[in-house]
$ cat query_7.cif   # mmCIF, C-alpha atoms and all ligand atoms
data_entry
loop_
_atom_site.label_atom_id
_atom_site.label_comp_id
_atom_site.auth_asym_id
_atom_site.auth_seq_id
_atom_site.Cartn_x
_atom_site.Cartn_y
_atom_site.Cartn_z
CA MET V 8 103.15 114.40 101.32
CA ARG V 9 103.84 112.75 104.66
CA ALA V 10 107.57 113.26 104.22
CA ALA V 11 107.05 116.90 103.25
CA HIS V 12 104.93 117.38 106.35
CA GLN V 13 107.86 116.31 108.55
CA ILE V 14 110.15 119.04 107.20
CA LEU V 15 107.84 121.85 106.06
CA ASP V 16 105.26 122.08 108.84
CA THR V 17 105.40 123.24 112.42
CA PRO V 18 105.53 120.87 115.42
CA PRO V 19 103.49 119.46 116.99
CA LEU V 20 102.85 117.72 113.68
CA LEU V 21 99.46 116.48 112.57
CA PHE V 22 101.09 113.14 111.75
CA GLU V 23 104.44 111.99 113.13
CA ASP V 24 106.14 109.82 110.51
CA PRO V 25 109.89 109.91 111.17
CA LEU V 26 110.62 107.23 108.54
CA ALA V 27 108.70 108.75 105.62
CA LEU V 28 111.63 110.83 104.39
CA ALA V 29 114.26 108.08 104.73
CA LEU V 30 112.04 105.61 102.85
CA LEU V 31 112.11 107.96 99.84
CA GLY V 32 115.90 107.92 99.76
CA PRO V 33 118.76 110.34 100.35
CA ASP V 34 117.58 112.90 97.76
CA ALA V 35 114.07 113.22 99.19
CA GLU V 36 114.57 116.33 101.28
CA ALA V 37 116.34 118.18 98.47
CA MET V 38 113.57 117.24 96.05
CA ILE V 39 110.85 118.45 98.39
CA ARG V 40 112.68 121.71 99.01
CA ALA V 41 113.25 122.17 95.26
CA HIS V 42 109.45 122.18 94.82
CA ILE V 43 108.65 124.11 97.94
CA ALA V 44 106.52 126.71 96.16
CA ARG V 45 104.21 123.98 94.88
CA HIS V 46 103.95 122.40 98.33
CA GLN V 47 102.98 125.71 99.88
CA THR V 48 100.17 126.68 97.53
CA LEU V 49 96.63 126.48 98.88
CA TYR V 50 96.16 123.30 96.88
CA GLY V 51 99.49 121.80 98.01
CA ARG V 52 98.69 122.43 101.66
CA GLY V 53 95.17 121.06 101.21
CA LEU V 54 96.43 117.82 99.71
CA ARG V 55 99.14 117.45 102.37
CA SER V 56 96.58 118.05 105.10
CA HIS V 57 94.28 115.37 103.67
CA VAL V 58 97.02 112.76 103.25
CA CYS V 59 98.41 113.31 106.76
CA LEU V 60 94.98 113.48 108.34
CA ARG V 61 93.77 110.22 106.81
CA SER V 62 96.81 108.38 108.21
CA ARG V 63 96.53 110.03 111.63
CA PHE V 64 92.79 109.30 111.93
CA THR V 65 93.22 105.70 110.78
CA GLU V 66 96.07 104.96 113.18
CA ASP V 67 94.15 106.59 116.04
CA ARG V 68 91.14 104.38 115.33
CA LEU V 69 93.39 101.34 114.88
CA ARG V 70 94.83 101.89 118.33
CA GLN V 71 91.35 102.15 119.87
CA ALA V 72 90.09 99.09 117.97
CA GLU V 73 92.56 96.68 119.63
CA ALA V 74 92.61 94.64 116.43
CA ASP V 75 94.37 91.34 115.78
CA ARG V 76 95.19 92.11 112.15
CA TYR V 77 95.88 95.27 110.26
CA VAL V 78 95.40 94.91 106.51
CA LEU V 79 96.52 97.80 104.34
CA VAL V 80 94.80 97.53 100.98
CA GLY V 81 96.84 99.57 98.50
CA ALA V 82 99.50 100.21 101.15
CA GLY V 83 101.74 102.41 99.00
CA LEU V 84 104.57 103.98 100.98
CA ASP V 85 102.75 103.80 104.30
CA THR V 86 105.40 103.31 107.01
CA PHE V 87 103.24 102.05 109.88
CA ALA V 88 104.66 98.52 109.77
CA LEU V 89 108.22 99.89 109.84
CA ARG V 90 107.77 102.30 112.74
CA GLN V 91 105.15 100.32 114.66
CA PRO V 92 104.59 101.69 118.14
CA ASP V 93 104.64 99.42 121.21
CA TRP V 94 100.85 99.00 121.19
CA ALA V 95 101.08 97.52 117.69
CA LYS V 96 103.65 94.83 118.35
CA GLY V 97 101.00 92.10 118.81
CA LEU V 98 99.32 92.93 115.50
CA ARG V 99 99.74 90.84 112.39
CA ILE V 100 100.16 93.27 109.54
CA LEU V 101 99.45 92.56 105.90
CA GLU V 102 100.27 94.94 103.08
CA ILE V 103 98.44 94.26 99.83
CA ASP V 104 99.49 96.28 96.83
CA HIS V 105 100.11 96.28 93.12
CA PRO V 106 103.19 94.13 92.34
CA ALA V 107 105.09 97.07 90.84
CA THR V 108 104.44 99.40 93.80
CA GLN V 109 105.20 96.72 96.34
CA ALA V 110 108.44 95.65 94.67
CA LYS V 111 109.66 99.28 94.69
CA LYS V 112 108.74 99.69 98.33
CA ARG V 113 110.58 96.53 99.37
CA GLU V 114 113.59 97.70 97.40
CA ALA V 115 113.41 101.06 99.20
CA ILE V 116 113.21 99.33 102.60
CA ALA V 117 116.32 97.31 101.79
CA LYS V 118 118.14 100.40 100.47
CA ALA V 119 117.35 102.25 103.71
CA GLY V 120 119.06 99.37 105.53
CA TRP V 121 115.94 98.28 107.41
CA ALA V 122 114.80 94.72 108.05
CA GLU V 123 111.21 93.78 107.23
CA PRO V 124 109.44 93.30 110.59
CA GLN V 125 108.54 89.72 111.49
CA ASN V 126 104.85 90.53 112.00
CA LEU V 127 104.59 92.03 108.50
CA ALA V 128 103.51 90.00 105.48
CA PHE V 129 103.24 91.19 101.88
CA ALA V 130 100.74 90.10 99.23
CA ALA V 131 101.25 91.43 95.72
CA ALA V 132 98.12 91.66 93.61
CA ASP V 133 96.69 93.64 90.75
CA PHE V 134 93.05 94.24 91.70
CA THR V 135 92.03 94.44 88.06
CA ARG V 136 93.09 90.78 87.75
CA GLU V 137 92.54 89.33 91.19
CA SER V 138 89.84 89.97 93.78
CA LEU V 139 90.47 90.99 97.35
CA ALA V 140 88.37 87.98 98.42
CA ASP V 141 90.84 85.63 96.72
CA ILE V 142 93.82 87.34 98.30
CA LEU V 143 92.26 87.29 101.79
CA GLY V 144 91.23 83.68 101.27
CA ARG V 145 94.90 82.70 101.25
CA GLN V 146 95.67 84.44 104.55
CA GLN V 147 94.06 81.93 106.93
CA ILE V 148 92.21 84.57 108.91
CA ALA V 149 90.25 83.01 111.80
CA ARG V 150 86.57 83.95 112.23
CA HIS V 151 87.17 85.38 115.73
CA GLU V 152 89.94 87.78 114.65
CA LYS V 153 89.37 91.50 114.72
CA VAL V 154 90.51 92.60 111.26
CA PHE V 155 91.05 96.30 110.66
CA PHE V 156 91.31 97.36 107.00
CA SER V 157 92.98 100.56 105.88
CA TRP V 158 91.87 101.60 102.41
CA LEU V 159 93.29 105.06 101.92
CA GLY V 160 93.54 106.89 98.63
CA VAL V 161 92.29 103.96 96.57
CA THR V 162 88.48 103.91 96.07
CA MET V 163 88.52 106.86 93.68
CA TYR V 164 90.52 104.74 91.20
CA LEU V 165 88.02 101.85 91.25
CA THR V 166 84.64 101.30 89.64
CA GLU V 167 81.59 101.01 91.86
CA ALA V 168 81.44 97.27 91.13
CA GLU V 169 85.08 96.87 92.22
CA ILE V 170 84.37 98.86 95.39
CA ASP V 171 81.34 96.67 96.15
CA ALA V 172 83.37 93.49 95.66
CA SER V 173 86.14 94.75 97.94
CA LEU V 174 83.75 95.88 100.70
CA ASP V 175 82.05 92.51 100.48
CA ALA V 176 85.41 90.76 100.88
CA MET V 177 86.27 92.92 103.90
CA ALA V 178 82.86 92.38 105.48
CA HIS V 179 83.25 88.60 105.19
CA ALA V 180 86.93 88.37 106.15
CA SER V 181 86.04 87.54 109.76
CA ASP V 182 83.25 88.08 112.30
CA HIS V 183 84.77 91.40 113.41
CA PRO V 184 85.85 93.50 110.45
CA SER V 185 86.27 97.26 110.39
CA VAL V 186 87.49 99.63 107.72
CA SER V 187 88.93 103.11 107.48
CA LEU V 188 88.62 104.41 103.94
CA THR V 189 88.75 107.58 101.92
CA PHE V 190 86.43 108.53 99.10
CA LYS V 191 86.23 111.38 96.66
CA GLN V 192 83.22 113.67 96.72
CA PRO V 193 81.66 114.91 93.45
CA ASP V 194 83.43 117.95 91.95
CA ARG V 195 82.11 121.26 93.17
CA GLY V 196 84.37 124.00 91.87
CA GLN V 197 87.33 124.90 89.69
CA GLY V 198 89.82 123.53 92.26
CA ASP V 199 88.23 120.09 92.06
CA LYS V 200 88.36 120.18 88.28
CA ALA V 201 92.02 121.24 88.29
CA MET V 202 92.86 118.31 90.59
CA ARG V 203 90.91 115.90 88.38
CA ASP V 204 92.77 117.14 85.28
CA LEU V 205 96.13 116.90 87.05
CA VAL V 206 95.52 113.32 88.16
CA ALA V 207 94.27 112.36 84.67
CA SER V 208 97.42 113.85 83.12
CA LEU V 209 99.46 111.50 85.34
CA GLY V 210 97.55 108.55 83.89
CA GLU V 211 95.59 107.86 87.10
CA SER V 212 92.11 109.15 86.32
CA TYR V 213 89.45 109.27 89.00
CA VAL V 214 86.78 106.69 88.36
CA SER V 215 84.28 107.07 91.18
CA ASP V 216 82.94 109.63 93.59
CA PHE V 217 80.33 109.57 96.35
CA THR V 218 78.42 112.01 98.48
CA PRO V 219 78.75 111.13 102.19
CA GLU V 220 75.11 109.97 102.06
CA ALA V 221 75.84 107.62 99.15
CA MET V 222 78.95 106.26 100.90
CA ALA V 223 76.95 105.78 104.12
CA ALA V 224 74.33 103.79 102.19
CA LYS V 225 76.99 101.68 100.51
CA LEU V 226 78.72 100.85 103.79
CA THR V 227 75.37 99.97 105.38
CA GLN V 228 74.52 97.73 102.44
CA HIS V 229 77.70 95.75 103.20
CA GLY V 230 76.99 95.53 106.92
CA PHE V 231 79.27 98.37 108.07
CA VAL V 232 76.46 100.02 109.97
CA ASN V 233 78.46 101.93 112.61
CA GLN V 234 80.01 104.84 110.77
CA GLU V 235 82.18 107.69 111.88
CA PHE V 236 82.61 110.23 109.10
CA LEU V 237 85.46 112.63 109.76
CA THR V 238 83.38 115.72 109.05
CA PRO V 239 85.06 119.14 108.92
CA GLU V 240 83.56 119.90 112.35
CA ARG V 241 84.85 116.68 113.89
CA ALA V 242 88.27 117.06 112.25
CA THR V 243 88.52 120.64 113.52
CA ALA V 244 87.62 119.63 117.06
CA GLU V 245 89.89 116.59 117.19
CA TYR V 246 92.90 117.62 115.12
CA PHE V 247 92.91 121.36 114.39
CA THR V 248 92.23 122.92 117.78
CA PRO V 249 93.89 125.31 118.34
CA PRO V 250 94.09 126.17 114.61
CA ARG V 251 97.41 125.38 112.94
CA SER V 252 99.36 128.05 111.08
CA ASP V 253 100.39 125.63 108.29
CA LEU V 254 97.59 123.15 107.51
CA THR V 255 93.85 123.64 107.69
CA ALA V 256 90.99 121.24 108.41
CA PRO V 257 89.23 119.69 105.39
CA ARG V 258 86.27 121.58 103.97
CA ARG V 259 84.43 118.39 103.10
CA SER V 260 84.19 114.92 104.55
CA GLY V 261 86.18 112.26 102.67
CA ILE V 262 87.31 109.86 105.40
CA VAL V 263 85.16 107.35 107.24
CA TYR V 264 85.76 104.61 109.81
CA ALA V 265 83.10 101.91 109.95
CA THR V 266 82.46 98.70 111.84
CA THR V 267 79.82 95.99 111.61
CA ALA V 268 77.14 95.52 114.27
C1 LIG C 1 97.35 107.02 96.24
S1 LIG C 1 98.15 105.53 96.68
C2 LIG C 1 97.70 105.37 98.38
C3 LIG C 1 98.74 104.66 99.18
C4 LIG C 1 98.53 104.56 100.69
N1 LIG C 1 97.31 103.86 101.03
C5 LIG C 1 98.58 105.92 101.36
O1 LIG C 1 97.67 106.29 102.07
O2 LIG C 1 99.57 106.63 101.16
C6 LIG C 1 97.16 104.31 95.85
C7 LIG C 1 97.62 102.85 96.05
O3 LIG C 1 96.71 101.98 95.35
C8 LIG C 1 97.46 100.98 94.68
N2 LIG C 1 96.73 100.51 93.49
C9 LIG C 1 96.22 101.27 92.50
N3 LIG C 1 95.69 100.48 91.54
C10 LIG C 1 95.89 99.19 91.95
C11 LIG C 1 95.58 97.91 91.39
N4 LIG C 1 94.98 97.79 90.20
N5 LIG C 1 95.94 96.80 92.07
C12 LIG C 1 96.57 96.90 93.27
N6 LIG C 1 96.87 98.10 93.87
C13 LIG C 1 96.54 99.22 93.20
C14 LIG C 1 98.77 101.66 94.29
O4 LIG C 1 99.79 100.70 94.06
C15 LIG C 1 99.01 102.55 95.52
O5 LIG C 1 99.77 101.87 96.49
#
$ encode --input "query_7.cif" --output "structure tokens"
Amino acid sequence: MRAAHQILDTPPLLFEDPLALALLGPDAEAMIRAHIARHQTLYGRGLRSHVCLRSRFTEDRLRQAEADRYVLVGAGLDTFALRQPDWAKGLRILEIDHPATQAKKREAIAKAGWAEPQNLAFAAADFTRESLADILGRQQIARHEKVFFSWLGVTMYLTEAEIDASLDAMAHASDHPSVSLTFKQPDRGQGDKAMRDLVASLGESYVSDFTPEAMAAKLTQHGFVNQEFLTPERATAEYFTPPRSDLTAPRRSGIVYATTA
């Protein structure tokens, strides 16, 4: 979605990610263009807008947070560590992901001819077998460090108990944790059901959903009391003014940045 955004949408882009396409390999642009009709449906644009917006919002908040560590939980093909801007050079970055996903990404980095940055570490873990607390426990994170977690596009695949355990691990990782996460809201219409069916057909069924109120309560329960939900109004004001001709602001809130007191 981020790669498609670079070639299908109109500058200034919602999210600048000049490496996204190259990471996918030499055939990526042709593949995106071969499916252009699908990318340009209402649903295709909505999904692309969400995926680009969650990365843009998270990196904007990361910059403001002046963190010491950036931990991407379920990093996927996120390219932040590879294209890190000057303000990020002092960060220690950790990508945690499923062993299969991470191995493919590292292979793709090597194929693109890029070196893995020195301030980037990888931890491979299957969260159904190993807890985030165990993984973080091996990272020697000092209490005073500001640790910023990115948890994008993952909670909907986890049970509520798994989400609780992960939030607990983040909250106790240091004295200054913060998290930017996405969550799925309960289905409302036919579009939501179509998306749910599509994802299930790919073998990645949604497991959990939350209203913003329920997510706010959950974050509070884990100590993340300062919460900034990217509501449609806020997203429109910050990222879609003036309105774009290609992508539209989300109709519901599904991204939140939260810090402890
Ligand atoms: C939809 S992708 C999101 C990737 C990235 N955060 C982004 O914004 O593009 C979901 C990620 O969760 C990871 N994931 C899913 N189930 C997992 C598990 N059981 N253990 C570890 N990672 C898992 C996948 O490997 C993938 O990287």
$ atom_distance --input "query_7.cif" --atom1 "atom CA of V:Ile103" --atom2 "atom CA of V:Ala207"
24.0 Å
$ atom_distance --input "query_7.cif" --atom1 "atom CA of V:Tyr164" --atom2 "atom CA of V:Thr108"
15.1 Å
$ closest_atom_pairs --input "query_7.cif" --of "chain V" --to "ligand LIG 1 (chain C)" --cutoff "7 Å" --atoms "all atoms listed in the file" --output "Markdown table"
| residue | atom | partner | partner_atom | distance |
| --- | --- | --- | --- | --- |
| V:Val58 | CA | C:LIG1 | O1 | 6.6 |
| V:Ser62 | CA | C:LIG1 | O1 | 6.5 |
| V:Leu79 | CA | C:LIG1 | N1 | 7.0 |
| V:Val80 | CA | C:LIG1 | N1 | 6.8 |
| V:Gly81 | CA | C:LIG1 | O3 | 4.0 |
| V:Ala82 | CA | C:LIG1 | N1 | 4.3 |
| V:Gly83 | CA | C:LIG1 | O5 | 3.2 |
| V:Leu84 | CA | C:LIG1 | O2 | 5.7 |
| V:Asp85 | CA | C:LIG1 | O2 | 5.3 |
| V:Asp104 | CA | C:LIG1 | N6 | 4.4 |
| V:His105 | CA | C:LIG1 | C12 | 3.6 |
| V:Thr108 | CA | C:LIG1 | O4 | 4.8 |
| V:Ala132 | CA | C:LIG1 | C12 | 5.5 |
| V:Asp133 | CA | C:LIG1 | N5 | 3.5 |
| V:Phe134 | CA | C:LIG1 | N5 | 3.9 |
| V:Thr135 | CA | C:LIG1 | N4 | 5.0 |
| V:Trp158 | CA | C:LIG1 | N1 | 6.1 |
| V:Leu159 | CA | C:LIG1 | N1 | 4.3 |
| V:Gly160 | CA | C:LIG1 | C2 | 4.4 |
| V:Val161 | CA | C:LIG1 | C6 | 4.9 |
| V:Tyr164 | CA | C:LIG1 | N3 | 6.7 |
$ closest_residue --input "query_7.cif" --among "V:His57, V:Lys191, V:Arg99, V:Lys153" --to "V:Leu127" --atoms "only C-alpha atoms"
V:Arg99
$ atom_distance --input "query_7.cif" --atom1 "atom CA of V:Met8" --atom2 "atom CA of V:Ser56"
8.4 Å
$ closest_residue --input "query_7.cif" --among "V:Ala11, V:His151, V:Pro239, V:Arg52" --to "V:Ser252" --atoms "all atoms listed in the file"
V:Arg52
$ closest_residue --input "query_7.cif" --among "V:Thr243, V:Gly196, V:Arg259, V:Asp75" --to "V:Pro219" --atoms "all atoms listed in the file"
V:Arg259
$ closest_residue --input "query_7.cif" --among "V:Asp67, V:Glu211, V:Glu169, V:Glu36" --to "V:Arg136" --atoms "only C-alpha atoms"
V:Glu169
$ residues_around --input "query_7.cif" --residues "V:Leu98" --least-positions-apart "2" --cutoff "9 Å" --atoms "all atoms listed in the file" --output "JSON list (two decimals) with C-alpha atoms, in the frame of the given file"
[["chain", "number", "residue", "atom", "x", "y", "z"],
["V", 73, "GLU", "CA", 92.56, 96.68, 119.63],
["V", 74, "ALA", "CA", 92.61, 94.64, 116.43],
["V", 75, "ASP", "CA", 94.37, 91.34, 115.78],
["V", 76, "ARG", "CA", 95.19, 92.11, 112.15],
["V", 77, "TYR", "CA", 95.88, 95.27, 110.26],
["V", 94, "TRP", "CA", 100.85, 99.00, 121.19],
["V", 95, "ALA", "CA", 101.08, 97.52, 117.69],
["V", 96, "LYS", "CA", 103.65, 94.83, 118.35],
["V", 100, "ILE", "CA", 100.16, 93.27, 109.54],
["V", 126, "ASN", "CA", 104.85, 90.53, 112.00],
["V", 127, "LEU", "CA", 104.59, 92.03, 108.50]]
$ closest_residue --input "query_7.cif" --among "V:Glu167, V:Glu23, V:Asp34, V:Asp182" --to "V:Ala221" --atoms "all atoms listed in the file"
V:Glu167
$ residues_around --input "query_7.cif" --residues "V:Pro257" --least-positions-apart "3" --cutoff "12 Å" --atoms "only C-alpha atoms" --output "PyMOL selection string"
chain V and resi 49-50+52-61+237-244+246-247+254+260-262
$ axis_aligned_box --input "query_7.cif" --around "stretch 137-154 of chain V" --padding-each-side "8 Å" --output "AutoDock Vina command-line options"
--center_x 91.1 --center_y 87.3 --center_z 103.5 --size_x 25.1 --size_y 26.7 --size_z 40.5
$ closest_residue --input "query_7.cif" --among "V:Val154, V:Thr266, V:Gly144, V:Leu15" --to "V:Gln47" --atoms "all atoms listed in the file"
V:Leu15
$ decode --input "query_7.cif" --residues "stretch 216-227 of chain V" --atoms "all heavy atoms" --output "PDB file, in the first residue's frame"
ATOM      1  N   ASP V 216     -11.860  -6.661  18.111  1.00  0.00           N
ATOM      2  CA  ASP V 216     -12.178  -5.287  17.740  1.00  0.00           C
ATOM      3  C   ASP V 216     -12.586  -4.506  18.983  1.00  0.00           C
ATOM      4  O   ASP V 216     -12.965  -5.093  19.996  1.00  0.00           O
ATOM      5  CB  ASP V 216     -13.256  -5.213  16.636  1.00  0.00           C
ATOM      6  CG  ASP V 216     -14.502  -6.014  16.958  1.00  0.00           C
ATOM      7  OD1 ASP V 216     -14.914  -6.019  18.125  1.00  0.00           O
ATOM      8  OD2 ASP V 216     -15.060  -6.631  16.031  1.00  0.00           O
ATOM      9  N   PHE V 217     -12.459  -3.192  18.889  1.00  0.00           N
ATOM     10  CA  PHE V 217     -12.717  -2.320  20.039  1.00  0.00           C
ATOM     11  C   PHE V 217     -13.398  -1.042  19.566  1.00  0.00           C
ATOM     12  O   PHE V 217     -13.035  -0.507  18.518  1.00  0.00           O
ATOM     13  CB  PHE V 217     -11.398  -1.897  20.712  1.00  0.00           C
ATOM     14  CG  PHE V 217     -10.630  -3.038  21.310  1.00  0.00           C
ATOM     15  CD1 PHE V 217      -9.703  -3.734  20.538  1.00  0.00           C
ATOM     16  CD2 PHE V 217     -10.817  -3.418  22.631  1.00  0.00           C
ATOM     17  CE1 PHE V 217      -8.979  -4.792  21.071  1.00  0.00           C
ATOM     18  CE2 PHE V 217     -10.097  -4.475  23.174  1.00  0.00           C
ATOM     19  CZ  PHE V 217      -9.179  -5.164  22.396  1.00  0.00           C
ATOM     20  N   THR V 218     -14.322  -0.558  20.375  1.00  0.00           N
ATOM     21  CA  THR V 218     -14.772   0.819  20.161  1.00  0.00           C
ATOM     22  C   THR V 218     -13.649   1.720  20.689  1.00  0.00           C
ATOM     23  O   THR V 218     -12.833   1.269  21.506  1.00  0.00           O
ATOM     24  CB  THR V 218     -16.052   1.113  20.961  1.00  0.00           C
ATOM     25  OG1 THR V 218     -15.745   0.944  22.360  1.00  0.00           O
ATOM     26  CG2 THR V 218     -17.197   0.194  20.561  1.00  0.00           C
ATOM     27  N   PRO V 219     -13.592   2.979  20.272  1.00  0.00           N
ATOM     28  CA  PRO V 219     -12.564   3.881  20.835  1.00  0.00           C
ATOM     29  C   PRO V 219     -12.672   3.959  22.360  1.00  0.00           C
ATOM     30  O   PRO V 219     -11.650   4.018  23.047  1.00  0.00           O
ATOM     31  CB  PRO V 219     -12.877   5.225  20.175  1.00  0.00           C
ATOM     32  CG  PRO V 219     -13.545   4.866  18.898  1.00  0.00           C
ATOM     33  CD  PRO V 219     -14.349   3.633  19.189  1.00  0.00           C
ATOM     34  N   GLU V 220     -13.902   3.911  22.885  1.00  0.00           N
ATOM     35  CA  GLU V 220     -14.076   3.984  24.342  1.00  0.00           C
ATOM     36  C   GLU V 220     -13.447   2.753  25.013  1.00  0.00           C
ATOM     37  O   GLU V 220     -12.788   2.860  26.044  1.00  0.00           O
ATOM     38  CB  GLU V 220     -15.575   4.057  24.710  1.00  0.00           C
ATOM     39  CG  GLU V 220     -16.275   5.336  24.256  1.00  0.00           C
ATOM     40  CD  GLU V 220     -16.542   5.377  22.744  1.00  0.00           C
ATOM     41  OE1 GLU V 220     -16.604   4.297  22.106  1.00  0.00           O
ATOM     42  OE2 GLU V 220     -16.670   6.496  22.204  1.00  0.00           O
ATOM     43  N   ALA V 221     -13.668   1.583  24.416  1.00  0.00           N
ATOM     44  CA  ALA V 221     -13.103   0.356  24.991  1.00  0.00           C
ATOM     45  C   ALA V 221     -11.579   0.374  24.899  1.00  0.00           C
ATOM     46  O   ALA V 221     -10.880  -0.051  25.827  1.00  0.00           O
ATOM     47  CB  ALA V 221     -13.676  -0.871  24.280  1.00  0.00           C
ATOM     48  N   MET V 222     -11.043   0.874  23.784  1.00  0.00           N
ATOM     49  CA  MET V 222      -9.578   0.954  23.654  1.00  0.00           C
ATOM     50  C   MET V 222      -9.014   1.974  24.638  1.00  0.00           C
ATOM     51  O   MET V 222      -7.964   1.747  25.251  1.00  0.00           O
ATOM     52  CB  MET V 222      -9.203   1.306  22.203  1.00  0.00           C
ATOM     53  CG  MET V 222      -7.706   1.400  21.951  1.00  0.00           C
ATOM     54  SD  MET V 222      -6.727  -0.008  22.573  1.00  0.00           S
ATOM     55  CE  MET V 222      -7.079  -1.294  21.346  1.00  0.00           C
ATOM     56  N   ALA V 223      -9.735   3.085  24.835  1.00  0.00           N
ATOM     57  CA  ALA V 223      -9.275   4.093  25.803  1.00  0.00           C
ATOM     58  C   ALA V 223      -9.209   3.475  27.204  1.00  0.00           C
ATOM     59  O   ALA V 223      -8.243   3.677  27.947  1.00  0.00           O
ATOM     60  CB  ALA V 223     -10.212   5.294  25.787  1.00  0.00           C
ATOM     61  N   ALA V 224     -10.235   2.703  27.563  1.00  0.00           N
ATOM     62  CA  ALA V 224     -10.261   2.079  28.889  1.00  0.00           C
ATOM     63  C   ALA V 224      -9.121   1.076  29.032  1.00  0.00           C
ATOM     64  O   ALA V 224      -8.463   0.987  30.075  1.00  0.00           O
ATOM     65  CB  ALA V 224     -11.615   1.391  29.101  1.00  0.00           C
ATOM     66  N   LYS V 225      -8.874   0.334  27.973  1.00  0.00           N
ATOM     67  CA  LYS V 225      -7.796  -0.665  28.028  1.00  0.00           C
ATOM     68  C   LYS V 225      -6.438   0.010  28.194  1.00  0.00           C
ATOM     69  O   LYS V 225      -5.615  -0.400  29.008  1.00  0.00           O
ATOM     70  CB  LYS V 225      -7.823  -1.527  26.755  1.00  0.00           C
ATOM     71  CG  LYS V 225      -6.794  -2.622  26.774  1.00  0.00           C
ATOM     72  CD  LYS V 225      -7.149  -3.772  25.861  1.00  0.00           C
ATOM     73  CE  LYS V 225      -8.343  -4.602  26.298  1.00  0.00           C
ATOM     74  NZ  LYS V 225      -8.222  -5.179  27.647  1.00  0.00           N
ATOM     75  N   LEU V 226      -6.193   1.059  27.445  1.00  0.00           N
ATOM     76  CA  LEU V 226      -4.915   1.768  27.557  1.00  0.00           C
ATOM     77  C   LEU V 226      -4.761   2.356  28.968  1.00  0.00           C
ATOM     78  O   LEU V 226      -3.687   2.269  29.568  1.00  0.00           O
ATOM     79  CB  LEU V 226      -4.839   2.874  26.495  1.00  0.00           C
ATOM     80  CG  LEU V 226      -4.602   2.375  25.069  1.00  0.00           C
ATOM     81  CD1 LEU V 226      -4.889   3.470  24.046  1.00  0.00           C
ATOM     82  CD2 LEU V 226      -3.165   1.874  24.903  1.00  0.00           C
ATOM     83  N   THR V 227      -5.832   2.922  29.484  1.00  0.00           N
ATOM     84  CA  THR V 227      -5.791   3.503  30.834  1.00  0.00           C
ATOM     85  C   THR V 227      -5.467   2.426  31.865  1.00  0.00           C
ATOM     86  O   THR V 227      -4.632   2.623  32.755  1.00  0.00           O
ATOM     87  CB  THR V 227      -7.149   4.158  31.168  1.00  0.00           C
ATOM     88  OG1 THR V 227      -7.391   5.184  30.211  1.00  0.00           O
ATOM     89  CG2 THR V 227      -7.151   4.762  32.572  1.00  0.00           C
TER      90      THR V 227
END
